[in-house]
Each structure stands twice: as C-alpha cells, then as structure tokens.
$ cat start08.pdb   # PDB, C-alpha atoms, pLDDT in the B column
MODEL        1
ATOM      1  CA  MET Z   1     -84.341  76.811 -97.670  1.00 97.00           C
ATOM      2  CA  ARG Z   2     -85.912  78.974-100.370  1.00 98.00           C
ATOM      3  CA  VAL Z   3     -86.352  77.135-103.658  1.00 98.00           C
ATOM      4  CA  HIS Z   4     -87.651  78.485-106.950  1.00 98.00           C
ATOM      5  CA  VAL Z   5     -88.765  76.145-109.743  1.00 98.00           C
ATOM      6  CA  LEU Z   6     -88.810  77.196-113.397  1.00 98.00           C
ATOM      7  CA  GLN Z   7     -91.485  75.051-115.075  1.00 98.00           C
ATOM      8  CA  HIS Z   8     -92.139  75.245-118.813  1.00 98.00           C
ATOM      9  CA  VAL Z   9     -95.128  72.930-119.368  1.00 98.00           C
ATOM     10  CA  PRO Z  10     -97.717  71.447-116.985  1.00 98.00           C
ATOM     11  CA  PHE Z  11     -96.617  67.857-117.582  1.00 98.00           C
ATOM     12  CA  GLU Z  12     -92.947  68.319-116.632  1.00 98.00           C
ATOM     13  CA  GLY Z  13     -92.946  69.013-112.915  1.00 98.00           C
ATOM     14  CA  VAL Z  14     -90.468  68.222-110.167  1.00 98.00           C
ATOM     15  CA  GLY Z  15     -91.467  64.555-109.829  1.00 98.00           C
ATOM     16  CA  CYS Z  16     -89.792  62.870-106.888  1.00 98.00           C
ATOM     17  CA  MET Z  17     -88.083  66.128-105.915  1.00 98.00           C
ATOM     18  CA  ALA Z  18     -91.335  67.042-104.170  1.00 98.00           C
ATOM     19  CA  VAL Z  19     -90.424  64.435-101.525  1.00 98.00           C
ATOM     20  CA  TRP Z  20     -86.943  65.887-101.031  1.00 98.00           C
ATOM     21  CA  LEU Z  21     -88.274  69.453-100.834  1.00 98.00           C
ATOM     22  CA  GLU Z  22     -90.850  68.470 -98.236  1.00 98.00           C
ATOM     23  CA  SER Z  23     -88.238  66.612 -96.187  1.00 97.00           C
ATOM     24  CA  ARG Z  24     -86.143  69.799 -96.077  1.00 96.00           C
ATOM     25  CA  SER Z  25     -89.156  71.954 -95.151  1.00 97.00           C
ATOM     26  CA  ALA Z  26     -88.323  74.044 -98.210  1.00 98.00           C
ATOM     27  CA  ASP Z  27     -90.222  77.214 -99.029  1.00 98.00           C
ATOM     28  CA  VAL Z  28     -90.991  76.489-102.695  1.00 98.00           C
ATOM     29  CA  SER Z  29     -92.150  79.021-105.295  1.00 98.00           C
ATOM     30  CA  TYR Z  30     -92.727  78.599-109.015  1.00 98.00           C
ATOM     31  CA  THR Z  31     -92.537  80.471-112.266  1.00 98.00           C
ATOM     32  CA  ARG Z  32     -94.820  78.486-114.551  1.00 98.00           C
ATOM     33  CA  PHE Z  33     -94.087  80.101-117.902  1.00 98.00           C
ATOM     34  CA  TYR Z  34     -97.293  78.734-119.431  1.00 97.00           C
ATOM     35  CA  GLU Z  35     -99.189  80.862-116.883  1.00 97.00           C
ATOM     36  CA  SER Z  36     -96.919  83.761-115.901  1.00 97.00           C
ATOM     37  CA  THR Z  37     -93.431  85.056-116.653  1.00 97.00           C
ATOM     38  CA  GLU Z  38     -92.913  86.755-113.278  1.00 97.00           C
ATOM     39  CA  LEU Z  39     -89.557  85.932-111.700  1.00 98.00           C
ATOM     40  CA  PRO Z  40     -88.361  86.523-108.121  1.00 97.00           C
ATOM     41  CA  GLU Z  41     -85.357  88.457-106.936  1.00 96.00           C
ATOM     42  CA  VAL Z  42     -82.272  86.258-107.077  1.00 96.00           C
ATOM     43  CA  ALA Z  43     -81.237  87.471-103.612  1.00 94.00           C
ATOM     44  CA  ASP Z  44     -84.318  85.759-102.172  1.00 92.00           C
ATOM     45  CA  ILE Z  45     -83.448  82.277-103.490  1.00 98.00           C
ATOM     46  CA  ASP Z  46     -81.114  79.504-102.263  1.00 98.00           C
ATOM     47  CA  LEU Z  47     -81.788  76.931-105.003  1.00 98.00           C
ATOM     48  CA  VAL Z  48     -83.129  77.227-108.565  1.00 98.00           C
ATOM     49  CA  ILE Z  49     -84.500  74.094-110.254  1.00 99.00           C
ATOM     50  CA  ILE Z  50     -84.959  74.419-114.029  1.00 98.00           C
ATOM     51  CA  MET Z  51     -87.217  71.741-115.497  1.00 98.00           C
ATOM     52  CA  GLY Z  52     -87.565  70.368-119.018  1.00 98.00           C
ATOM     53  CA  GLY Z  53     -89.947  71.148-121.845  1.00 97.00           C
ATOM     54  CA  PRO Z  54     -90.601  70.446-125.527  1.00 96.00           C
ATOM     55  CA  MET Z  55     -89.455  73.885-126.701  1.00 96.00           C
ATOM     56  CA  ASN Z  56     -85.891  74.496-127.869  1.00 94.00           C
ATOM     57  CA  VAL Z  57     -83.374  76.867-126.307  1.00 96.00           C
ATOM     58  CA  PRO Z  58     -83.168  79.223-129.353  1.00 94.00           C
ATOM     59  CA  ASP Z  59     -86.989  79.555-129.620  1.00 94.00           C
ATOM     60  CA  GLU Z  60     -87.054  83.131-128.307  1.00 95.00           C
ATOM     61  CA  LYS Z  61     -89.420  84.372-131.027  1.00 95.00           C
ATOM     62  CA  SER Z  62     -92.117  81.810-130.266  1.00 96.00           C
ATOM     63  CA  HIS Z  63     -91.350  81.805-126.527  1.00 97.00           C
ATOM     64  CA  PRO Z  64     -90.143  85.348-125.710  1.00 97.00           C
ATOM     65  CA  TRP Z  65     -90.040  84.582-121.987  1.00 97.00           C
ATOM     66  CA  LEU Z  66     -86.868  82.572-122.701  1.00 98.00           C
ATOM     67  CA  VAL Z  67     -84.974  85.871-122.827  1.00 98.00           C
ATOM     68  CA  GLY Z  68     -85.923  86.738-119.263  1.00 98.00           C
ATOM     69  CA  GLU Z  69     -85.416  83.179-118.066  1.00 98.00           C
ATOM     70  CA  LYS Z  70     -81.877  83.073-119.433  1.00 98.00           C
ATOM     71  CA  ALA Z  71     -81.073  86.393-117.756  1.00 98.00           C
ATOM     72  CA  PHE Z  72     -82.463  85.056-114.463  1.00 98.00           C
ATOM     73  CA  VAL Z  73     -80.369  81.874-114.681  1.00 98.00           C
ATOM     74  CA  ARG Z  74     -77.270  83.921-115.513  1.00 98.00           C
ATOM     75  CA  SER Z  75     -77.886  86.178-112.496  1.00 98.00           C
ATOM     76  CA  ALA Z  76     -78.497  83.221-110.187  1.00 98.00           C
ATOM     77  CA  MET Z  77     -75.216  81.574-111.126  1.00 98.00           C
ATOM     78  CA  ALA Z  78     -73.311  84.850-110.834  1.00 97.00           C
ATOM     79  CA  ALA Z  79     -74.745  85.327-107.339  1.00 97.00           C
ATOM     80  CA  GLY Z  80     -73.617  81.884-106.205  1.00 97.00           C
ATOM     81  CA  VAL Z  81     -77.126  80.433-105.971  1.00 98.00           C
ATOM     82  CA  SER Z  82     -77.327  76.645-106.296  1.00 98.00           C
ATOM     83  CA  VAL Z  83     -78.782  75.692-109.696  1.00 98.00           C
ATOM     84  CA  LEU Z  84     -79.981  72.350-111.039  1.00 98.00           C
ATOM     85  CA  GLY Z  85     -80.990  72.123-114.709  1.00 98.00           C
ATOM     86  CA  VAL Z  86     -82.905  69.108-116.027  1.00 98.00           C
ATOM     87  CA  CYS Z  87     -82.999  68.376-119.779  1.00 98.00           C
ATOM     88  CA  LEU Z  88     -84.060  71.723-121.291  1.00 98.00           C
ATOM     89  CA  GLY Z  89     -82.829  73.202-118.007  1.00 98.00           C
ATOM     90  CA  ALA Z  90     -79.330  71.817-118.592  1.00 98.00           C
ATOM     91  CA  GLN Z  91     -79.386  73.160-122.130  1.00 98.00           C
ATOM     92  CA  LEU Z  92     -80.361  76.603-120.815  1.00 98.00           C
ATOM     93  CA  ILE Z  93     -77.422  76.590-118.406  1.00 98.00           C
ATOM     94  CA  ALA Z  94     -75.081  75.562-121.217  1.00 98.00           C
ATOM     95  CA  ASP Z  95     -76.489  78.267-123.496  1.00 98.00           C
ATOM     96  CA  VAL Z  96     -76.091  80.964-120.852  1.00 98.00           C
ATOM     97  CA  LEU Z  97     -72.458  79.873-120.470  1.00 98.00           C
ATOM     98  CA  GLY Z  98     -71.863  80.311-124.198  1.00 97.00           C
ATOM     99  CA  SER Z  99     -72.182  76.739-125.435  1.00 98.00           C
ATOM    100  CA  ARG Z 100     -73.784  75.590-128.666  1.00 97.00           C
ATOM    101  CA  ILE Z 101     -77.140  73.748-128.530  1.00 97.00           C
ATOM    102  CA  TYR Z 102     -77.864  71.515-131.525  1.00 97.00           C
ATOM    103  CA  PRO Z 103     -79.670  68.321-132.610  1.00 96.00           C
ATOM    104  CA  ASN Z 104     -78.103  65.119-131.322  1.00 96.00           C
ATOM    105  CA  GLN Z 105     -77.366  62.364-133.841  1.00 94.00           C
ATOM    106  CA  HIS Z 106     -80.064  60.227-132.208  1.00 95.00           C
ATOM    107  CA  ARG Z 107     -83.210  61.027-130.260  1.00 96.00           C
ATOM    108  CA  GLU Z 108     -82.962  59.434-126.827  1.00 98.00           C
ATOM    109  CA  ILE Z 109     -86.335  58.602-125.295  1.00 98.00           C
ATOM    110  CA  GLY Z 110     -86.868  56.086-122.524  1.00 98.00           C
ATOM    111  CA  TRP Z 111     -84.635  54.379-119.968  1.00 98.00           C
ATOM    112  CA  PHE Z 112     -81.033  54.003-121.119  1.00 98.00           C
ATOM    113  CA  SER Z 113     -77.756  53.561-119.302  1.00 98.00           C
ATOM    114  CA  VAL Z 114     -75.496  56.475-118.410  1.00 98.00           C
ATOM    115  CA  GLU Z 115     -71.943  56.057-117.195  1.00 97.00           C
ATOM    116  CA  ALA Z 116     -69.902  58.278-114.935  1.00 96.00           C
ATOM    117  CA  VAL Z 117     -66.932  60.167-116.314  1.00 94.00           C
ATOM    118  CA  ALA Z 118     -63.933  59.796-114.038  1.00 74.00           C
ATOM    119  CA  GLY Z 119     -63.765  62.893-111.882  1.00 66.00           C
ATOM    120  CA  SER Z 120     -62.263  63.955-108.584  1.00 59.00           C
ATOM    121  CA  HIS Z 121     -63.422  64.334-105.013  1.00 67.00           C
ATOM    122  CA  GLU Z 122     -64.223  67.978-105.820  1.00 82.00           C
ATOM    123  CA  VAL Z 123     -67.246  67.159-108.014  1.00 92.00           C
ATOM    124  CA  PHE Z 124     -70.413  65.106-107.669  1.00 96.00           C
ATOM    125  CA  SER Z 125     -69.876  61.423-108.463  1.00 93.00           C
ATOM    126  CA  PHE Z 126     -72.503  59.360-110.258  1.00 96.00           C
ATOM    127  CA  PRO Z 127     -72.576  55.579-109.982  1.00 95.00           C
ATOM    128  CA  GLN Z 128     -70.222  54.000-112.511  1.00 95.00           C
ATOM    129  CA  ARG Z 129     -73.274  52.939-114.521  1.00 96.00           C
ATOM    130  CA  MET Z 130     -76.985  53.464-113.939  1.00 97.00           C
ATOM    131  CA  ASN Z 131     -80.278  53.622-115.802  1.00 98.00           C
ATOM    132  CA  ALA Z 132     -81.742  57.072-116.342  1.00 98.00           C
ATOM    133  CA  PHE Z 133     -84.859  58.355-118.080  1.00 98.00           C
ATOM    134  CA  HIS Z 134     -84.297  60.403-121.240  1.00 98.00           C
ATOM    135  CA  TRP Z 135     -86.562  62.490-123.438  1.00 98.00           C
ATOM    136  CA  HIS Z 136     -84.519  64.676-125.758  1.00 97.00           C
ATOM    137  CA  GLY Z 137     -83.475  65.255-129.338  1.00 96.00           C
ATOM    138  CA  ASP Z 138     -80.954  68.044-128.744  1.00 97.00           C
ATOM    139  CA  THR Z 139     -77.591  68.101-127.044  1.00 97.00           C
ATOM    140  CA  PHE Z 140     -74.982  70.744-126.188  1.00 97.00           C
ATOM    141  CA  ASP Z 141     -71.256  71.363-126.155  1.00 97.00           C
ATOM    142  CA  LEU Z 142     -69.707  71.188-122.720  1.00 96.00           C
ATOM    143  CA  PRO Z 143     -69.482  74.731-121.307  1.00 96.00           C
ATOM    144  CA  ALA Z 144     -66.032  76.235-120.878  1.00 94.00           C
ATOM    145  CA  GLY Z 145     -64.772  75.512-117.383  1.00 92.00           C
ATOM    146  CA  ALA Z 146     -67.401  72.840-116.709  1.00 96.00           C
ATOM    147  CA  VAL Z 147     -66.515  69.361-115.481  1.00 95.00           C
ATOM    148  CA  HIS Z 148     -67.922  66.487-117.551  1.00 96.00           C
ATOM    149  CA  LEU Z 149     -69.807  64.134-115.197  1.00 97.00           C
ATOM    150  CA  ALA Z 150     -71.661  61.561-117.327  1.00 97.00           C
ATOM    151  CA  ARG Z 151     -72.152  60.243-120.870  1.00 97.00           C
ATOM    152  CA  SER Z 152     -74.289  57.667-122.641  1.00 97.00           C
ATOM    153  CA  GLU Z 153     -73.835  55.491-125.710  1.00 96.00           C
ATOM    154  CA  SER Z 154     -75.829  57.882-127.896  1.00 95.00           C
ATOM    155  CA  CYS Z 155     -75.023  61.243-126.260  1.00 97.00           C
ATOM    156  CA  GLU Z 156     -71.595  62.289-125.020  1.00 97.00           C
ATOM    157  CA  ASN Z 157     -72.529  65.256-122.827  1.00 98.00           C
ATOM    158  CA  GLN Z 158     -75.132  63.969-120.389  1.00 98.00           C
ATOM    159  CA  ALA Z 159     -74.147  65.838-117.224  1.00 98.00           C
ATOM    160  CA  PHE Z 160     -71.774  68.591-116.151  1.00 97.00           C
ATOM    161  CA  GLN Z 161     -70.869  70.630-113.110  1.00 97.00           C
ATOM    162  CA  VAL Z 162     -69.830  74.272-112.863  1.00 97.00           C
ATOM    163  CA  GLY Z 163     -68.149  75.301-109.643  1.00 95.00           C
ATOM    164  CA  ARG Z 164     -69.500  73.697-106.494  1.00 93.00           C
ATOM    165  CA  ASN Z 165     -73.196  74.359-106.852  1.00 95.00           C
ATOM    166  CA  VAL Z 166     -74.352  74.236-110.497  1.00 98.00           C
ATOM    167  CA  ILE Z 167     -75.189  70.937-112.228  1.00 98.00           C
ATOM    168  CA  GLY Z 168     -76.870  70.277-115.565  1.00 98.00           C
ATOM    169  CA  LEU Z 169     -78.480  66.910-116.329  1.00 98.00           C
ATOM    170  CA  GLN Z 170     -79.606  66.036-119.847  1.00 98.00           C
ATOM    171  CA  PHE Z 171     -81.522  63.103-118.341  1.00 98.00           C
ATOM    172  CA  HIS Z 172     -84.363  62.888-115.825  1.00 98.00           C
ATOM    173  CA  LEU Z 173     -83.623  61.430-112.394  1.00 98.00           C
ATOM    174  CA  GLU Z 174     -86.871  62.832-110.970  1.00 98.00           C
ATOM    175  CA  THR Z 175     -88.949  60.304-112.898  1.00 98.00           C
ATOM    176  CA  THR Z 176     -91.819  58.453-111.254  1.00 98.00           C
ATOM    177  CA  ALA Z 177     -94.588  56.246-112.619  1.00 98.00           C
ATOM    178  CA  GLU Z 178     -96.807  59.343-112.771  1.00 98.00           C
ATOM    179  CA  THR Z 179     -94.311  61.532-114.632  1.00 98.00           C
ATOM    180  CA  THR Z 180     -93.572  58.740-117.111  1.00 98.00           C
ATOM    181  CA  GLU Z 181     -97.258  58.472-117.904  1.00 98.00           C
ATOM    182  CA  LEU Z 182     -97.567  62.238-118.346  1.00 98.00           C
ATOM    183  CA  MET Z 183     -94.731  62.274-120.872  1.00 98.00           C
ATOM    184  CA  ILE Z 184     -96.235  59.375-122.819  1.00 98.00           C
ATOM    185  CA  GLU Z 185     -99.668  61.024-122.853  1.00 98.00           C
ATOM    186  CA  ASN Z 186     -98.450  64.492-123.845  1.00 97.00           C
ATOM    187  CA  CYS Z 187     -95.687  63.675-126.335  1.00 97.00           C
ATOM    188  CA  PRO Z 188     -96.891  60.637-128.311  1.00 96.00           C
ATOM    189  CA  GLY Z 189     -95.374  61.965-131.537  1.00 94.00           C
ATOM    190  CA  ASP Z 190     -91.896  61.596-130.053  1.00 95.00           C
ATOM    191  CA  LEU Z 191     -92.269  57.820-129.884  1.00 94.00           C
ATOM    192  CA  ALA Z 192     -91.578  57.219-133.573  1.00 92.00           C
ATOM    193  CA  LYS Z 193     -89.161  54.319-133.921  1.00 91.00           C
ATOM    194  CA  GLY Z 194     -85.492  55.063-133.427  1.00 92.00           C
ATOM    195  CA  CYS Z 195     -82.306  53.366-132.264  1.00 94.00           C
ATOM    196  CA  TYR Z 196     -82.722  54.831-128.785  1.00 97.00           C
ATOM    197  CA  VAL Z 197     -86.487  55.156-128.458  1.00 98.00           C
ATOM    198  CA  GLN Z 198     -88.361  52.781-126.156  1.00 97.00           C
ATOM    199  CA  SER Z 199     -91.991  51.844-126.545  1.00 97.00           C
ATOM    200  CA  ALA Z 200     -94.472  53.195-124.007  1.00 97.00           C
ATOM    201  CA  ASP Z 201     -94.822  49.754-122.401  1.00 97.00           C
ATOM    202  CA  ALA Z 202     -91.050  49.316-122.133  1.00 97.00           C
ATOM    203  CA  MET Z 203     -90.796  52.718-120.447  1.00 98.00           C
ATOM    204  CA  ARG Z 204     -93.442  51.752-117.905  1.00 98.00           C
ATOM    205  CA  GLU Z 205     -91.682  48.480-117.119  1.00 98.00           C
ATOM    206  CA  SER Z 206     -88.298  50.183-116.781  1.00 98.00           C
ATOM    207  CA  THR Z 207     -89.741  52.896-114.535  1.00 98.00           C
ATOM    208  CA  ALA Z 208     -90.938  50.207-112.140  1.00 98.00           C
ATOM    209  CA  THR Z 209     -87.433  48.753-111.832  1.00 98.00           C
ATOM    210  CA  SER Z 210     -85.168  51.804-112.237  1.00 98.00           C
ATOM    211  CA  ALA Z 211     -86.908  54.875-110.813  1.00 98.00           C
ATOM    212  CA  GLU Z 212     -86.120  54.185-107.165  1.00 98.00           C
ATOM    213  CA  THR Z 213     -82.360  54.141-107.778  1.00 98.00           C
ATOM    214  CA  ALA Z 214     -82.537  57.214-110.035  1.00 98.00           C
ATOM    215  CA  ASN Z 215     -84.515  59.114-107.401  1.00 98.00           C
ATOM    216  CA  ARG Z 216     -82.020  58.197-104.680  1.00 98.00           C
ATOM    217  CA  VAL Z 217     -79.102  59.490-106.759  1.00 98.00           C
ATOM    218  CA  LEU Z 218     -81.009  62.730-107.365  1.00 98.00           C
ATOM    219  CA  PHE Z 219     -81.578  63.208-103.629  1.00 98.00           C
ATOM    220  CA  GLU Z 220     -77.823  62.765-103.085  1.00 98.00           C
ATOM    221  CA  LEU Z 221     -77.147  65.325-105.827  1.00 98.00           C
ATOM    222  CA  LEU Z 222     -79.546  67.855-104.292  1.00 98.00           C
ATOM    223  CA  ASP Z 223     -77.902  67.382-100.904  1.00 98.00           C
ATOM    224  CA  TYR Z 224     -74.527  67.936-102.560  1.00 97.00           C
ATOM    225  CA  ILE Z 225     -75.301  71.211-104.362  1.00 97.00           C
ATOM    226  CA  THR Z 226     -77.113  72.694-101.354  1.00 97.00           C
ATOM    227  CA  SER Z 227     -74.658  71.631 -98.652  1.00 92.00           C
TER     228      SER Z 227
ENDMDL
END
$ encode --input "start08.pdb" --output "structure tokens"
Amino acid sequence: MRVHVLQHVPFEGVGCMAVWLESRSADVSYTRFYESTELPEVADIDLVIIMGGPMNVPDEKSHPWLVGEKAFVRSAMAAGVSVLGVCLGAQLIADVLGSRIYPNQHREIGWFSVEAVAGSHEVFSFPQRMNAFHWHGDTFDLPAGAVHLARSESCENQAFQVGRNVIGLQFHLETTAETTELMIENCPGDLAKGCYVQSADAMRESTATSAETANRVLFELLDYITS
C-alpha cells in the first residue's frame, strides 16, 4: 500500500496511525508543507491522509501552497484514491467539493462526545456515542452528495463520507498522550475559557481514558476506506 501524508505543521502528525501503517507494511511518503511543497503523482498513491493545522482553508495569500494542495486533493478524489481528512484536512475536502468554511459558534477544544448520525450499511458506522479529541474553531457545510456521519453538541457537521473511499473528520481519532501534549505546548493561546474548551489537565486525563477507543475506531475506519 502506497500512502501519502499531507502534514501542515510539525506538531500535527499521524499519531496512532503510525501503528496502523506499520502493521500494513505501508510505503509512506510525506509532503511537509513547512519544509517543501513537492507533491507526488496521484497515480502512484493508494491512500492520502490530510492532517490538521492552525491555518485556515482560505489562507491562500499567507500559505500559497494551499492552492496546490487543494488541486492535489481534488485530483486524488477524481482518480478514486482513498482519502482521509482530519480537522483542517476535512475542511479542505469540503472546500474542494464546493462547501463553505466558516467560524463555528463555539470553539471546540479537548475531549467531547460525538454521536453517530443514522446511516446505512453502505457507509462507515461510528459508535452511537464516543469521546473524540477536538481542536477547531471553524466548521463547514456538508458537501453536496456527502453522507453525514457524526455530530456533536456544539458542531453539527463532525464527519462525512463521499462515495466509498473518502471520509472527512472534524475531530482527531489519532490522538495519543504524545500528540495531546504537542497540541497543548504549541497552541496555548487556544485554551482561553469557553463553553467547549477543556483545561490542559482535563485533556491529559481524558486522553488516558478515551484515546484507546478512539484509536481503535480510526483503525476500523482506515480498514474500511482502503478495503
């Protein structure tokens, strides 16, 4: 399996997905936009993983590489490549499909419950309710033709599926103790009090109790979109 990861900042890597990739003996390559904007040929890739980042989808003037990244994601989906977008990655997929990206009513930072939207056997099924790690202020309209997979109390569009092999997640199922710490260290300004903002200590405690389940669901999702 040939996998290409689009990484936007050093502190938002693949987290627990490294375990899944190793277990599949995947040939993994990266475009780390903070180092290089070089992208592979879509024909050479089986799975694209688009990670998160503190930049916003419309920030093409300050981050001109977003133009090329969006074109790459569009080409990958058109070619039938499996695509997983996480947080900013989900927003990029939605943007490429013509949806609006805009500030959510509440910032959502920390571990909060998400609930599955009733679907069918033809789409990926989340547990009816589970804890997931969030770190976002923006949201998106559901893309035309996408299936709504999950919502939360503070954010309606938390996950969606397009076709059989493209899924966008506003939340982070890849979270580990290490990735939680990296987010806390690198984005302390985001922890200003809010209705849906956990303290750093609460995040650490929740990671210890919730990450294993979140990681397992992510492994099932990766199996699903690559099967």
$ residues_around --input "start08.pdb" --residues "Phe219 of chain Z" --least-positions-apart "3" --cutoff "9 Å" --atoms "all atoms listed in the file" --output "ChimeraX atom specification"
/Z:16-17,20,214-216,222-224
$ residues_around --input "start08.pdb" --residues "Ala76 of chain Z" --least-positions-apart "2" --cutoff "12 Å" --atoms "only C-alpha atoms" --output "ChimeraX atom specification"
/Z:3-4,39-50,69-74,78-84,93,96,165-166
$ residues_around --input "start08.pdb" --residues "segment 140-144 of chain Z" --least-positions-apart "6" --cutoff "12 Å" --atoms "all atoms listed in the file" --output "PyMOL selection string"
chain Z and resi 56-57+87-105+150-151+155-163+166-170
$ closest_residue --input "start08.pdb" --among "Z:Gln7, Z:Ser113, Z:Ser62, Z:Thr180" --to "Thr37 of chain Z" --atoms "all atoms listed in the file"
Z:Gln7
$ resolve_selection --input "start08.pdb" --expression "the PyMOL selection byres ((chain Z and resi 203) around 12)" --output "ChimeraX atom specification"
/Z:109-112,131-135,175-184,191,196-202,204-211
$ atom_distance --input "start08.pdb" --atom1 "atom CA of Glu115 of chain Z" --atom2 "atom CA of Thr226 of chain Z"
23.5 Å
$ atom_distance --input "start08.pdb" --atom1 "atom CA of Val19 of chain Z" --atom2 "atom CA of Leu173 of chain Z"
13.2 Å
$ atom_distance --input "start08.pdb" --atom1 "atom CA of Val114 of chain Z" --atom2 "atom CA of Glu220 of chain Z"
16.7 Å
$ closest_residue --input "start08.pdb" --among "Z:Ser75, Z:Ser36, Z:Ser154, Z:Ser227" --to "Gly194 of chain Z" --atoms "only C-alpha atoms"
Z:Ser154
$ closest_residue --input "start08.pdb" --among "Z:Arg164, Z:His172, Z:His106, Z:Arg32" --to "Cys195 of chain Z" --atoms "only C-alpha atoms"
Z:His106
$ resolve_selection --input "start08.pdb" --expression "the PyMOL selection byres ((chain Z and resi 23-27) around 6)" --output "PDB file with C-alpha atoms, keeping the file's coordinate frame"
ATOM      1  CA  MET Z   1     -84.341  76.811 -97.670  1.00 97.00           C
ATOM      2  CA  ARG Z   2     -85.912  78.974-100.370  1.00 98.00           C
ATOM      3  CA  TRP Z  20     -86.943  65.887-101.031  1.00 98.00           C
ATOM      4  CA  LEU Z  21     -88.274  69.453-100.834  1.00 98.00           C
ATOM      5  CA  GLU Z  22     -90.850  68.470 -98.236  1.00 98.00           C
ATOM      6  CA  VAL Z  28     -90.991  76.489-102.695  1.00 98.00           C
TER       7      VAL Z  28
END
$ closest_residue --input "start08.pdb" --among "Z:Gly145, Z:Pro10, Z:Gly137, Z:Gly15" --to "Glu212 of chain Z" --atoms "all atoms listed in the file"
Z:Gly15
$ closest_residue --input "start08.pdb" --among "Z:Glu35, Z:Asp190, Z:Glu108, Z:Glu122" --to "Val147 of chain Z" --atoms "all atoms listed in the file"
Z:Glu122
$ axis_aligned_box --input "start08.pdb" --around "segment 42-61 of chain Z" --padding-each-side "5 Å" --output "lines of an AutoDock Vina configuration file"
center_x = -85.9
center_y = 78.9
center_z = -116.6
size_x = 19.5
size_y = 27.1
size_z = 38.9
$ closest_residue --input "start08.pdb" --among "Z:Pro64, Z:Pro188, Z:Gly85, Z:Pro54" --to "Leu6 of chain Z" --atoms "only C-alpha atoms"
Z:Gly85
